$ cat upload20.txt   # compact mmCIF, C-alpha atoms
# COMPACT_ATOMS: atom_id res chain seq x y z
CA MET I 1 0.00 0.00 0.00
CA GLN I 2 1.52 3.29 -1.14
CA PHE I 3 0.22 6.01 1.15
CA LEU I 4 2.56 8.52 -0.48
CA LYS I 5 3.91 8.26 -4.01
CA LYS I 6 7.13 9.67 -5.42
CA THR I 7 7.91 12.13 -2.66
CA ASN I 8 11.06 14.19 -3.01
CA ILE I 9 11.62 15.70 0.44
CA ASP I 10 15.12 16.91 1.29
CA PHE I 11 15.36 15.36 4.77
CA MET I 12 19.14 15.70 4.98
CA LYS I 13 18.81 19.46 4.61
CA TYR I 14 17.71 19.59 8.25
CA LYS I 15 20.25 17.15 9.67
CA PHE I 16 22.01 19.80 11.77
CA VAL I 17 18.70 21.08 13.15
CA ALA I 18 17.65 17.52 14.01
CA LEU I 19 20.93 16.74 15.74
CA ALA I 20 20.75 20.00 17.72
CA LEU I 21 17.15 19.27 18.76
CA SER I 22 18.06 15.76 19.88
CA GLY I 23 21.09 17.05 21.75
CA ILE I 24 18.95 19.59 23.62
CA LEU I 25 16.31 16.96 24.53
CA ILE I 26 18.92 14.48 25.74
CA THR I 27 20.78 17.12 27.75
CA ILE I 28 17.61 18.38 29.45
CA GLY I 29 16.55 14.80 30.19
CA ILE I 30 19.90 13.79 31.67
CA ILE I 31 20.07 16.93 33.83
CA ASN I 32 16.54 16.31 35.09
CA MET I 33 17.27 12.63 35.83
CA THR I 34 20.58 13.24 37.59
CA VAL I 35 20.35 16.70 39.17
CA VAL I 36 16.81 18.06 39.33
CA LYS I 37 14.06 15.47 39.96
CA GLY I 38 15.88 12.20 39.51
CA ILE I 39 14.04 9.07 38.41
CA ASN I 40 10.70 8.23 40.00
CA TYR I 41 11.20 4.50 40.61
CA GLY I 42 8.09 2.38 41.05
CA ILE I 43 7.53 -0.44 43.53
CA ASP I 44 9.36 -2.88 41.25
CA PHE I 45 12.61 -0.94 41.63
CA ALA I 46 12.25 1.05 44.85
CA GLY I 47 10.41 -1.56 46.90
CA GLY I 48 6.90 -1.22 48.27
CA THR I 49 3.58 -2.94 48.82
CA MET I 50 0.67 -3.74 46.50
CA VAL I 51 -2.72 -4.71 47.93
CA ARG I 52 -5.61 -5.94 45.81
CA LEU I 53 -8.96 -5.86 47.61
CA ILE I 54 -12.69 -5.92 47.04
CA PHE I 55 -15.50 -4.21 48.95
CA ALA I 56 -18.87 -5.72 49.71
CA ASN I 57 -20.56 -2.68 48.16
CA GLU I 58 -19.57 0.00 45.66
CA VAL I 59 -17.14 2.55 47.09
CA PRO I 60 -16.09 5.83 45.39
CA ILE I 61 -12.37 6.00 44.66
CA SER I 62 -12.34 9.40 46.40
CA GLU I 63 -13.39 7.68 49.62
CA VAL I 64 -10.54 5.17 49.30
CA ARG I 65 -8.06 7.96 48.64
CA GLY I 66 -9.35 9.99 51.57
CA ALA I 67 -9.14 7.04 53.99
CA LEU I 68 -5.51 6.42 53.02
CA ARG I 69 -4.69 10.11 53.40
CA ASP I 70 -6.30 10.23 56.86
CA ALA I 71 -4.15 7.23 57.86
CA GLY I 72 -1.00 9.09 56.79
CA ILE I 73 -0.39 6.92 53.71
CA GLU I 74 0.31 9.61 51.12
CA ASN I 75 2.63 7.97 48.59
CA ASN I 76 0.15 5.68 46.85
CA LYS I 77 -1.48 4.89 43.54
CA ILE I 78 -5.06 3.59 43.38
CA GLN I 79 -6.54 1.70 40.45
CA LYS I 80 -10.20 0.73 40.14
CA LEU I 81 -10.76 -2.65 38.47
CA GLY I 82 -13.84 -3.54 36.46
CA ASP I 83 -17.17 -1.73 36.34
CA THR I 84 -18.54 -2.76 39.74
CA GLY I 85 -16.79 0.01 41.68
CA ARG I 86 -15.88 -2.56 44.34
CA GLU I 87 -12.44 -3.88 43.39
CA PHE I 88 -9.22 -1.86 43.72
CA ILE I 89 -5.44 -2.22 43.50
CA ILE I 90 -3.51 0.02 45.88
CA ARG I 91 0.25 0.51 45.51
CA THR I 92 2.23 2.31 48.17
CA MET I 93 5.90 3.02 48.80
CA GLN I 94 5.39 4.44 52.29
CA ASP I 95 8.37 4.00 54.63
CA ILE I 96 8.26 3.28 58.36
CA GLU I 97 11.54 4.26 60.01
CA LEU I 98 10.78 2.54 63.31
CA ILE I 99 10.86 -0.91 61.75
CA GLU I 100 14.29 -2.48 61.42
CA GLN I 101 13.58 -5.06 58.73
CA ASP I 102 12.40 -3.71 55.39
CA MET I 103 10.11 -6.61 54.46
CA GLU I 104 8.50 -6.47 57.91
CA SER I 105 8.00 -2.75 57.34
CA HIS I 106 6.20 -3.37 54.06
CA GLU I 107 4.03 -6.06 55.68
CA ILE I 108 2.96 -3.58 58.33
CA ILE I 109 2.25 -0.98 55.64
CA GLY I 110 0.01 -3.53 53.92
CA ARG I 111 -1.95 -4.00 57.13
CA MET I 112 -2.14 -0.21 57.56
CA VAL I 113 -3.67 0.10 54.08
CA VAL I 114 -6.33 -2.52 54.85
CA ASN I 115 -7.12 -1.20 58.35
CA SER I 116 -7.50 2.36 57.09
CA LEU I 117 -10.38 1.18 54.87
CA ARG I 118 -12.24 -0.75 57.58
CA GLY I 119 -15.12 0.69 59.56
CA GLU I 120 -14.66 1.61 63.23
CA ASP I 121 -16.99 -1.18 64.39
CA GLU I 122 -14.97 -3.70 62.41
CA LYS I 123 -11.71 -2.48 63.90
CA ARG I 124 -13.02 -2.81 67.45
CA ALA I 125 -14.46 -6.26 66.82
CA LEU I 126 -11.21 -7.52 65.28
CA GLU I 127 -9.18 -6.07 68.16
CA GLU I 128 -11.39 -8.00 70.55
CA GLY I 129 -10.62 -11.24 68.74
CA THR I 130 -13.70 -11.67 66.56
CA ILE I 131 -12.92 -13.57 63.38
CA ASP I 132 -13.56 -12.11 59.95
CA LEU I 133 -15.35 -14.59 57.70
CA ASN I 134 -14.03 -12.73 54.66
CA SER I 135 -10.37 -13.14 55.57
CA ILE I 136 -10.08 -16.22 57.77
CA ALA I 137 -8.22 -19.25 56.40
CA GLN I 138 -10.02 -22.56 55.98
CA THR I 139 -7.99 -24.34 58.70
CA ASN I 140 -8.72 -21.59 61.24
CA LEU I 141 -12.42 -21.64 60.40
CA ALA I 142 -12.45 -25.41 60.79
CA VAL I 143 -10.93 -25.08 64.27
CA LEU I 144 -13.65 -22.56 65.23
CA LEU I 145 -16.45 -24.84 64.00
CA GLU I 146 -15.12 -28.12 65.40
CA THR I 147 -16.28 -27.28 68.96
CA PRO I 148 -19.99 -26.73 68.23
CA PHE I 149 -20.01 -29.12 65.26
CA PRO I 150 -17.32 -31.75 66.05
CA GLU I 151 -18.11 -34.13 63.20
CA LYS I 152 -18.90 -31.59 60.49
CA GLY I 153 -16.70 -28.59 61.32
CA GLY I 154 -14.04 -29.30 58.68
CA ASP I 155 -16.57 -30.03 55.94
CA ILE I 156 -18.58 -26.88 56.75
CA ALA I 157 -15.43 -24.74 56.70
CA GLU I 158 -14.42 -26.12 53.30
CA LYS I 159 -17.86 -25.39 51.81
CA ILE I 160 -17.90 -21.82 53.13
CA ILE I 161 -14.39 -21.01 51.88
CA ASN I 162 -15.12 -22.58 48.47
CA PHE I 163 -18.28 -20.49 48.26
CA ARG I 164 -16.38 -17.33 49.21
CA ASN I 165 -13.68 -17.98 46.60
CA HIS I 166 -16.14 -18.77 43.80
CA PRO I 167 -15.78 -16.36 40.84
CA ASP I 168 -19.36 -15.16 41.33
CA GLN I 169 -18.55 -14.10 44.89
CA MET I 170 -15.22 -12.51 43.92
CA GLY I 171 -13.67 -13.46 47.25
CA ILE I 172 -16.19 -11.84 49.57
CA ILE I 173 -19.41 -12.84 51.33
CA ARG I 174 -21.69 -9.82 51.41
CA ASP I 175 -24.47 -11.13 53.66
CA TYR I 176 -25.12 -14.15 55.88
CA SER I 177 -28.23 -14.91 53.84
CA GLN I 178 -25.95 -15.97 51.01
CA LEU I 179 -24.79 -18.92 53.13
CA GLU I 180 -28.33 -20.32 53.02
CA THR I 181 -27.74 -21.27 49.38
CA ILE I 182 -24.88 -23.63 50.33
CA GLU I 183 -25.95 -27.25 50.58
CA GLY I 184 -25.23 -28.69 54.03
CA ILE I 185 -25.07 -25.32 55.83
CA SER I 186 -27.88 -25.31 58.38
CA THR I 187 -29.60 -22.38 60.06
CA GLU I 188 -27.85 -23.43 63.26
CA VAL I 189 -24.44 -22.97 61.63
CA ILE I 190 -25.39 -19.55 60.25
CA ASN I 191 -26.70 -18.37 63.63
CA TYR I 192 -23.49 -19.54 65.31
CA LEU I 193 -21.38 -17.61 62.80
CA LYS I 194 -23.48 -14.48 63.29
CA LYS I 195 -22.64 -14.55 67.01
CA ASN I 196 -18.96 -15.49 66.72
CA ALA I 197 -17.81 -13.94 63.43
CA LEU I 198 -18.28 -10.84 61.34
CA LEU I 199 -18.54 -10.06 57.65
CA SER I 200 -16.13 -7.19 57.00
CA ARG I 201 -16.83 -4.60 54.33
CA LEU I 202 -13.77 -5.69 52.36
CA SER I 203 -11.67 -8.72 51.53
CA VAL I 204 -7.97 -8.81 50.62
CA LEU I 205 -7.55 -10.77 47.39
CA SER I 206 -3.76 -10.53 47.27
CA LYS I 207 -0.89 -8.70 48.92
CA GLU I 208 2.62 -8.39 47.50
CA SER I 209 5.75 -6.73 48.88
CA VAL I 210 9.07 -5.95 47.23
CA GLY I 211 12.04 -5.10 49.46
CA PRO I 212 14.60 -2.42 48.51
CA GLN I 213 17.31 -5.03 47.89
CA VAL I 214 15.10 -6.86 45.41
CA GLY I 215 14.26 -3.56 43.74
CA GLU I 216 17.95 -2.69 43.42
CA ASP I 217 18.65 -6.08 41.86
CA LEU I 218 15.81 -5.57 39.38
CA ARG I 219 17.22 -2.14 38.43
CA ARG I 220 20.62 -3.69 37.78
CA LYS I 221 19.17 -6.50 35.69
CA ALA I 222 16.97 -4.14 33.69
CA THR I 223 20.01 -1.99 32.87
CA LEU I 224 22.07 -5.03 31.85
CA ALA I 225 19.22 -6.36 29.71
CA THR I 226 19.10 -3.08 27.78
CA ILE I 227 22.90 -2.95 27.33
CA TRP I 228 23.17 -6.55 26.17
CA ALA I 229 20.27 -6.03 23.75
CA LEU I 230 22.09 -3.07 22.19
CA ILE I 231 25.33 -5.06 21.91
CA GLY I 232 23.52 -7.97 20.29
CA MET I 233 21.92 -5.63 17.77
CA LEU I 234 25.27 -4.03 16.99
CA ILE I 235 26.73 -7.46 16.19
CA TYR I 236 23.71 -8.44 14.07
CA ILE I 237 23.70 -5.24 12.01
CA GLY I 238 27.47 -5.30 11.65
CA ILE I 239 27.19 -8.78 10.11
CA ARG I 240 24.17 -8.03 7.94
CA PHE I 241 25.38 -4.64 6.73
CA LYS I 242 28.62 -2.81 7.47
CA TYR I 243 30.16 -1.75 10.76
CA ALA I 244 29.17 1.87 10.10
CA TYR I 245 25.51 0.87 9.83
CA GLY I 246 25.75 -0.99 13.14
CA VAL I 247 27.23 2.02 14.92
CA ALA I 248 24.59 4.32 13.39
CA ALA I 249 21.78 1.98 14.47
CA ILE I 250 23.05 1.62 18.06
CA LEU I 251 23.58 5.36 18.45
CA THR I 252 20.05 5.86 17.13
CA LEU I 253 18.65 3.35 19.63
CA ALA I 254 20.60 4.96 22.47
CA HIS I 255 19.13 8.28 21.34
CA ASP I 256 15.60 6.82 21.46
CA VAL I 257 16.09 5.39 24.95
CA LEU I 258 17.62 8.58 26.37
CA VAL I 259 15.00 10.90 24.87
CA THR I 260 12.13 8.65 25.98
CA LEU I 261 13.53 8.36 29.51
CA GLY I 262 14.11 12.11 29.58
CA ILE I 263 10.50 12.89 28.63
CA PHE I 264 9.34 10.22 31.08
CA SER I 265 11.36 11.86 33.84
CA LEU I 266 10.16 15.37 32.97
CA THR I 267 6.55 14.22 33.33
CA ASN I 268 7.48 12.65 36.72
CA ARG I 269 6.01 9.28 35.76
CA GLU I 270 6.82 6.09 37.60
CA LEU I 271 9.57 3.87 36.17
CA ASN I 272 8.61 0.21 36.64
CA LEU I 273 9.00 -3.15 34.91
CA PRO I 274 6.17 -2.57 32.39
CA VAL I 275 7.89 0.67 31.35
CA ILE I 276 11.18 -1.20 30.88
CA ALA I 277 9.26 -3.71 28.76
CA ALA I 278 7.91 -0.81 26.70
CA ILE I 279 11.41 0.62 26.23
CA MET I 280 12.75 -2.78 25.12
CA THR I 281 9.82 -3.05 22.70
CA LEU I 282 10.63 0.39 21.32
CA VAL I 283 14.26 -0.57 20.84
CA GLY I 284 13.16 -3.43 18.59
CA TYR I 285 10.54 -1.28 16.87
CA SER I 286 12.96 1.54 16.08
CA LEU I 287 15.63 -0.91 14.93
CA ASN I 288 13.19 -2.55 12.52
CA ASP I 289 12.30 0.81 11.02
CA THR I 290 15.97 1.78 10.75
CA ILE I 291 16.90 -1.51 9.06
CA VAL I 292 14.20 -0.99 6.42
CA ILE I 293 15.82 2.33 5.47
CA PHE I 294 19.35 0.88 5.66
CA ASP I 295 18.29 -2.01 3.43
CA ARG I 296 17.06 0.44 0.82
CA VAL I 297 20.29 2.45 1.15
CA ARG I 298 22.31 -0.70 0.51
CA ASP I 299 20.24 -1.53 -2.59
CA ASN I 300 20.54 2.00 -3.95
CA LEU I 301 24.31 1.94 -3.49
CA LYS I 302 24.32 -0.68 -6.25
CA LEU I 303 21.61 0.88 -8.41
CA LEU I 304 22.56 4.55 -8.11
CA ARG I 305 26.35 4.45 -7.97
CA LYS I 306 26.80 7.84 -9.60
CA ARG I 307 24.62 9.72 -7.16
CA LYS I 308 26.05 11.57 -4.17
CA PHE I 309 25.69 9.78 -0.86
CA VAL I 310 23.54 12.55 0.63
CA ASP I 311 21.17 12.32 -2.35
CA LEU I 312 21.12 8.55 -2.02
CA LEU I 313 20.07 8.85 1.63
CA ASN I 314 17.25 11.22 0.71
CA ILE I 315 16.06 8.91 -2.04
CA SER I 316 16.07 5.91 0.29
CA ILE I 317 14.11 7.73 2.99
CA ASN I 318 11.53 8.94 0.47
CA GLN I 319 11.15 5.46 -1.02
CA THR I 320 10.36 3.99 2.42
CA LEU I 321 8.40 6.99 3.72
CA SER I 322 4.99 5.53 2.91
CA ARG I 323 5.79 2.34 4.79
CA THR I 324 7.16 4.32 7.74
CA ILE I 325 4.05 6.51 8.04
CA ILE I 326 1.62 3.59 7.78
CA THR I 327 3.51 1.46 10.31
CA SER I 328 4.07 4.28 12.77
CA GLY I 329 0.57 5.68 12.33
CA THR I 330 -1.25 2.41 13.03
CA THR I 331 1.03 1.65 15.99
CA PHE I 332 0.52 5.13 17.41
CA LEU I 333 -3.27 4.86 17.14
CA THR I 334 -3.17 1.56 19.03
CA VAL I 335 -1.03 2.79 21.92
CA PHE I 336 -2.90 6.11 22.01
CA THR I 337 -6.14 4.17 22.53
CA LEU I 338 -4.45 2.20 25.32
CA PHE I 339 -3.27 5.47 26.83
CA LEU I 340 -6.79 6.91 26.90
CA LEU I 341 -8.82 3.81 27.76
CA GLY I 342 -6.41 1.22 29.16
CA GLY I 343 -6.64 2.20 32.82
CA GLU I 344 -4.06 3.43 35.33
CA VAL I 345 -1.88 0.31 35.46
CA ILE I 346 -1.14 0.27 31.73
CA ASN I 347 -1.11 4.06 31.38
CA ASP I 348 2.66 4.47 31.92
CA PHE I 349 3.36 1.60 29.49
CA ALA I 350 1.10 3.15 26.84
CA PHE I 351 2.60 6.62 27.41
CA THR I 352 6.12 5.24 26.93
CA MET I 353 5.10 3.43 23.75
CA MET I 354 3.30 6.49 22.43
CA ILE I 355 6.28 8.80 22.95
CA GLY I 356 8.71 6.11 21.76
CA VAL I 357 6.88 5.53 18.48
CA VAL I 358 7.13 9.23 17.64
CA ILE I 359 10.79 9.46 18.70
CA GLY I 360 11.66 6.17 16.98
CA THR I 361 10.13 7.28 13.69
CA TYR I 362 11.87 10.64 13.86
CA SER I 363 15.24 9.08 14.69
CA SER I 364 15.00 6.44 11.95
CA ILE I 365 14.66 9.20 9.38
CA TYR I 366 16.97 11.85 10.76
CA GLN I 367 19.42 10.41 13.28
CA SER I 368 20.34 7.09 11.67
CA CYS I 369 20.89 8.55 8.21
CA SER I 370 22.58 11.67 9.57
CA ILE I 371 25.04 9.52 11.52
CA LEU I 372 25.79 7.53 8.35
CA PHE I 373 26.40 10.79 6.50
CA PHE I 374 28.80 12.14 9.13
CA TRP I 375 30.54 8.76 9.46
CA LYS I 376 31.27 8.75 5.71
CA ASN I 377 32.57 12.32 5.76
CA ILE I 378 34.73 11.86 8.86
CA PHE I 379 36.20 8.38 8.28
CA LYS I 380 35.87 8.35 4.47
CA PRO I 381 35.47 4.58 3.99
CA LYS I 382 36.56 3.45 0.53
CA LYS I 383 34.01 0.70 0.08
CA GLY I 384 30.35 0.13 0.76
CA MET I 385 29.16 3.74 1.16
CA GLY I 386 29.23 5.24 -2.32
CA LYS I 387 30.47 8.71 -3.18
$ encode --input "upload20.txt" --output "structure tokens"
Amino acid sequence: MQFLKKTNIDFMKYKFVALALSGILITIGIINMTVVKGINYGIDFAGGTMVRLIFANEVPISEVRGALRDAGIENNKIQKLGDTGREFIIRTMQDIELIEQDMESHEIIGRMVVNSLRGEDEKRALEEGTIDLNSIAQTNLAVLLETPFPEKGGDIAEKIINFRNHPDQMGIIRDYSQLETIEGISTEVINYLKKNALLSRLSVLSKESVGPQVGEDLRRKATLATIWALIGMLIYIGIRFKYAYGVAAILTLAHDVLVTLGIFSLTNRELNLPVIAAIMTLVGYSLNDTIVIFDRVRDNLKLLRKRKFVDLLNISINQTLSRTIITSGTTFLTVFTLFLLGGEVINDFAFTMMIGVVIGTYSSIYQSCSILFFWKNIFKPKKGMGK
């Protein structure tokens, strides 16, 4: 599909402007990441706690945010799941200096998050030792029921927990009347539970903690993964094309990563594993676009031997321009939709992809070919790069 036909744009005319613009963006980004704001590491890299929970009834996200703020838990991110208005994911990187062990600190923070969302009556009942039917483990429930129902306690506990964990219940029992639908659960059992247990307004579906040491290790591995990917690409392009093309491609990819990280830092977004995945995806995306242009440059070196190298670069870019616009345009529309409608968790990933697609397309046209041009004029290779 030819979106554009026979264009004759002099891209190389603006090579100095493009290089200056990239230099300014990279410099501002590096200064912001190292001197001004630094990098806003997410839980994956800085350590923290993530709690996924569900309420018995619909709760406004403003109420959840307010309860956390009143409890002194300021550094958090709240995501509402689904359309019920009952299920949330809460991420927090709150620190407690009084706790000596980091993982114990994060465990306590997790409990603080949950307790801040409970009602006052629930808190008092739990402090007095009343069990919560929406959080108790099956073995503990069996122990509670074995005294009044010695022969059936274990079986009753299993049925109740299975009912609570059924997908329709979503991990929470909203009312004791729901237990009447369970076969083998008598009125006597329900009345006993009403007196000796409570149904809290929320249930914790999962709780995860990442310690600072684990986060530091993940940062190191993410950095190494990016470096090794760039080295592998340099070797591949050096074999497929010429060494100059490999250097141009790697410098272009480094440009894409630095500019994307710089913009990411300037917007004070959270750097986490999904963002690293997005950056690695963009590295491959940009490289693919660059190789398409380089492949056309290599073909034109044989077909247009008498043309100047700068003209040959312009011709190659124009010949692949339609493909570049279609590929970048469709990719951008996809990630832009994810950015608008994908929710809070995927928002940073989509933002990184969205910015990266624009930067990757720009760099494939201007940076990669400009670097090839300057390489030829500085090192003056005798073979493989035309006049």
$ closest_residue --input "upload20.txt" --among "I:Ala137, I:Arg69, I:Gly262, I:Met170" --to "Val36 of chain I" --atoms "all atoms listed in the file"
I:Gly262
$ residues_around --input "upload20.txt" --residues "Asn40 of chain I" --least-positions-apart "3" --cutoff "10 Å" --atoms "all atoms listed in the file" --output "mmCIF file with C-alpha atoms, in the frame of the given file"
data_model
loop_
_atom_site.group_PDB
_atom_site.id
_atom_site.type_symbol
_atom_site.label_atom_id
_atom_site.label_comp_id
_atom_site.auth_asym_id
_atom_site.auth_seq_id
_atom_site.Cartn_x
_atom_site.Cartn_y
_atom_site.Cartn_z
ATOM 1 C CA MET I 33 17.270 12.630 35.830
ATOM 2 C CA LYS I 37 14.060 15.470 39.960
ATOM 3 C CA ILE I 43 7.530 -0.440 43.530
ATOM 4 C CA PHE I 45 12.610 -0.940 41.630
ATOM 5 C CA ALA I 46 12.250 1.050 44.850
ATOM 6 C CA PHE I 264 9.340 10.220 31.080
ATOM 7 C CA SER I 265 11.360 11.860 33.840
ATOM 8 C CA THR I 267 6.550 14.220 33.330
ATOM 9 C CA ASN I 268 7.480 12.650 36.720
ATOM 10 C CA ARG I 269 6.010 9.280 35.760
ATOM 11 C CA GLU I 270 6.820 6.090 37.600
ATOM 12 C CA LEU I 271 9.570 3.870 36.170
ATOM 13 C CA ASN I 272 8.610 0.210 36.640
#
$ residues_near_point --input "upload20.txt" --point "(11.0, 6.0, 15.0)" --cutoff "12 Å" --atoms "all atoms listed in the file" --output "PyMOL selection string"
chain I and resi 249+252-253+255-257+259-260+281-293+321+324-325+327-329+331-332+353-368
$ write_last_selection --input "upload20.txt" --atoms "C-alpha atoms" --output "PDB file, in the coordinates of the input"
ATOM      1  CA  ALA I 249      21.780   1.980  14.470  1.00  0.00           C
ATOM      2  CA  THR I 252      20.050   5.860  17.130  1.00  0.00           C
ATOM      3  CA  LEU I 253      18.650   3.350  19.630  1.00  0.00           C
ATOM      4  CA  HIS I 255      19.130   8.280  21.340  1.00  0.00           C
ATOM      5  CA  ASP I 256      15.600   6.820  21.460  1.00  0.00           C
ATOM      6  CA  VAL I 257      16.090   5.390  24.950  1.00  0.00           C
ATOM      7  CA  VAL I 259      15.000  10.900  24.870  1.00  0.00           C
ATOM      8  CA  THR I 260      12.130   8.650  25.980  1.00  0.00           C
ATOM      9  CA  THR I 281       9.820  -3.050  22.700  1.00  0.00           C
ATOM     10  CA  LEU I 282      10.630   0.390  21.320  1.00  0.00           C
ATOM     11  CA  VAL I 283      14.260  -0.570  20.840  1.00  0.00           C
ATOM     12  CA  GLY I 284      13.160  -3.430  18.590  1.00  0.00           C
ATOM     13  CA  TYR I 285      10.540  -1.280  16.870  1.00  0.00           C
ATOM     14  CA  SER I 286      12.960   1.540  16.080  1.00  0.00           C
ATOM     15  CA  LEU I 287      15.630  -0.910  14.930  1.00  0.00           C
ATOM     16  CA  ASN I 288      13.190  -2.550  12.520  1.00  0.00           C
ATOM     17  CA  ASP I 289      12.300   0.810  11.020  1.00  0.00           C
ATOM     18  CA  THR I 290      15.970   1.780  10.750  1.00  0.00           C
ATOM     19  CA  ILE I 291      16.900  -1.510   9.060  1.00  0.00           C
ATOM     20  CA  VAL I 292      14.200  -0.990   6.420  1.00  0.00           C
ATOM     21  CA  ILE I 293      15.820   2.330   5.470  1.00  0.00           C
ATOM     22  CA  LEU I 321       8.400   6.990   3.720  1.00  0.00           C
ATOM     23  CA  THR I 324       7.160   4.320   7.740  1.00  0.00           C
ATOM     24  CA  ILE I 325       4.050   6.510   8.040  1.00  0.00           C
ATOM     25  CA  THR I 327       3.510   1.460  10.310  1.00  0.00           C
ATOM     26  CA  SER I 328       4.070   4.280  12.770  1.00  0.00           C
ATOM     27  CA  GLY I 329       0.570   5.680  12.330  1.00  0.00           C
ATOM     28  CA  THR I 331       1.030   1.650  15.990  1.00  0.00           C
ATOM     29  CA  PHE I 332       0.520   5.130  17.410  1.00  0.00           C
ATOM     30  CA  MET I 353       5.100   3.430  23.750  1.00  0.00           C
ATOM     31  CA  MET I 354       3.300   6.490  22.430  1.00  0.00           C
ATOM     32  CA  ILE I 355       6.280   8.800  22.950  1.00  0.00           C
ATOM     33  CA  GLY I 356       8.710   6.110  21.760  1.00  0.00           C
ATOM     34  CA  VAL I 357       6.880   5.530  18.480  1.00  0.00           C
ATOM     35  CA  VAL I 358       7.130   9.230  17.640  1.00  0.00           C
ATOM     36  CA  ILE I 359      10.790   9.460  18.700  1.00  0.00           C
ATOM     37  CA  GLY I 360      11.660   6.170  16.980  1.00  0.00           C
ATOM     38  CA  THR I 361      10.130   7.280  13.690  1.00  0.00           C
ATOM     39  CA  TYR I 362      11.870  10.640  13.860  1.00  0.00           C
ATOM     40  CA  SER I 363      15.240   9.080  14.690  1.00  0.00           C
ATOM     41  CA  SER I 364      15.000   6.440  11.950  1.00  0.00           C
ATOM     42  CA  ILE I 365      14.660   9.200   9.380  1.00  0.00           C
ATOM     43  CA  TYR I 366      16.970  11.850  10.760  1.00  0.00           C
ATOM     44  CA  GLN I 367      19.420  10.410  13.280  1.00  0.00           C
ATOM     45  CA  SER I 368      20.340   7.090  11.670  1.00  0.00           C
TER      46      SER I 368
END
$ closest_residue --input "upload20.txt" --among "I:Val310, I:Ile30, I:Ile276, I:Ala56" --to "Asp44 of chain I" --atoms "all atoms listed in the file"
I:Ile276
$ residues_around --input "upload20.txt" --residues "Phe55 of chain I" --least-positions-apart "5" --cutoff "7 Å" --atoms "only C-alpha atoms" --output "number ranges by chain"
I: 86-87, 201-203
$ write_last_selection --input "upload20.txt" --atoms "C-alpha atoms" --output "compact mmCIF listing (two decimals), in the frame of the given file"
# COMPACT_ATOMS: atom_id res chain seq x y z
CA ARG I 86 -15.88 -2.56 44.34
CA GLU I 87 -12.44 -3.88 43.39
CA ARG I 201 -16.83 -4.60 54.33
CA LEU I 202 -13.77 -5.69 52.36
CA SER I 203 -11.67 -8.72 51.53
$ closest_residue --input "upload20.txt" --among "I:Asn191, I:Thr223, I:Asn318, I:Ser370" --to "Ala20 of chain I" --atoms "only C-alpha atoms"
I:Ser370
$ residues_around --input "upload20.txt" --residues "Val189 of chain I" --least-positions-apart "6" --cutoff "10 Å" --atoms "all atoms listed in the file" --output "JSON, numbers by chain"
{"I": [145, 148, 149, 153, 156, 179, 180]}
$ closest_residue --input "upload20.txt" --among "I:Arg164, I:Arg296, I:Arg219, I:Lys195" --to "Phe241 of chain I" --atoms "all atoms listed in the file"
I:Arg296
$ residues_near_point --input "upload20.txt" --point "(20.6, 19.0, 10.7)" --cutoff "12 Å" --atoms "only C-alpha atoms" --output "mmCIF file with C-alpha atoms, in the coordinates of the input"
data_model
loop_
_atom_site.group_PDB
_atom_site.id
_atom_site.type_symbol
_atom_site.label_atom_id
_atom_site.label_comp_id
_atom_site.auth_asym_id
_atom_site.auth_seq_id
_atom_site.Cartn_x
_atom_site.Cartn_y
_atom_site.Cartn_z
ATOM 1 C CA ASP I 10 15.120 16.910 1.290
ATOM 2 C CA PHE I 11 15.360 15.360 4.770
ATOM 3 C CA MET I 12 19.140 15.700 4.980
ATOM 4 C CA LYS I 13 18.810 19.460 4.610
ATOM 5 C CA TYR I 14 17.710 19.590 8.250
ATOM 6 C CA LYS I 15 20.250 17.150 9.670
ATOM 7 C CA PHE I 16 22.010 19.800 11.770
ATOM 8 C CA VAL I 17 18.700 21.080 13.150
ATOM 9 C CA ALA I 18 17.650 17.520 14.010
ATOM 10 C CA LEU I 19 20.930 16.740 15.740
ATOM 11 C CA ALA I 20 20.750 20.000 17.720
ATOM 12 C CA LEU I 21 17.150 19.270 18.760
ATOM 13 C CA SER I 22 18.060 15.760 19.880
ATOM 14 C CA GLY I 23 21.090 17.050 21.750
ATOM 15 C CA SER I 363 15.240 9.080 14.690
ATOM 16 C CA ILE I 365 14.660 9.200 9.380
ATOM 17 C CA TYR I 366 16.970 11.850 10.760
ATOM 18 C CA GLN I 367 19.420 10.410 13.280
ATOM 19 C CA SER I 368 20.340 7.090 11.670
ATOM 20 C CA CYS I 369 20.890 8.550 8.210
ATOM 21 C CA SER I 370 22.580 11.670 9.570
ATOM 22 C CA ILE I 371 25.040 9.520 11.520
ATOM 23 C CA PHE I 373 26.400 10.790 6.500
ATOM 24 C CA PHE I 374 28.800 12.140 9.130
#
$ atom_distance --input "upload20.txt" --atom1 "atom CA of Glu208 of chain I" --atom2 "atom CA of Val143 of chain I"
27.3 Å
$ atom_distance --input "upload20.txt" --atom1 "atom CA of Ser177 of chain I" --atom2 "atom CA of Leu126 of chain I"
21.8 Å
$ axis_aligned_box --input "upload20.txt" --around "segment 6-23 of chain I" --padding-each-side "5 Å" --output "JSON"
{"center_x": 14.6, "center_y": 15.4, "center_z": 8.2, "size_x": 24.9, "size_y": 21.4, "size_z": 37.2}
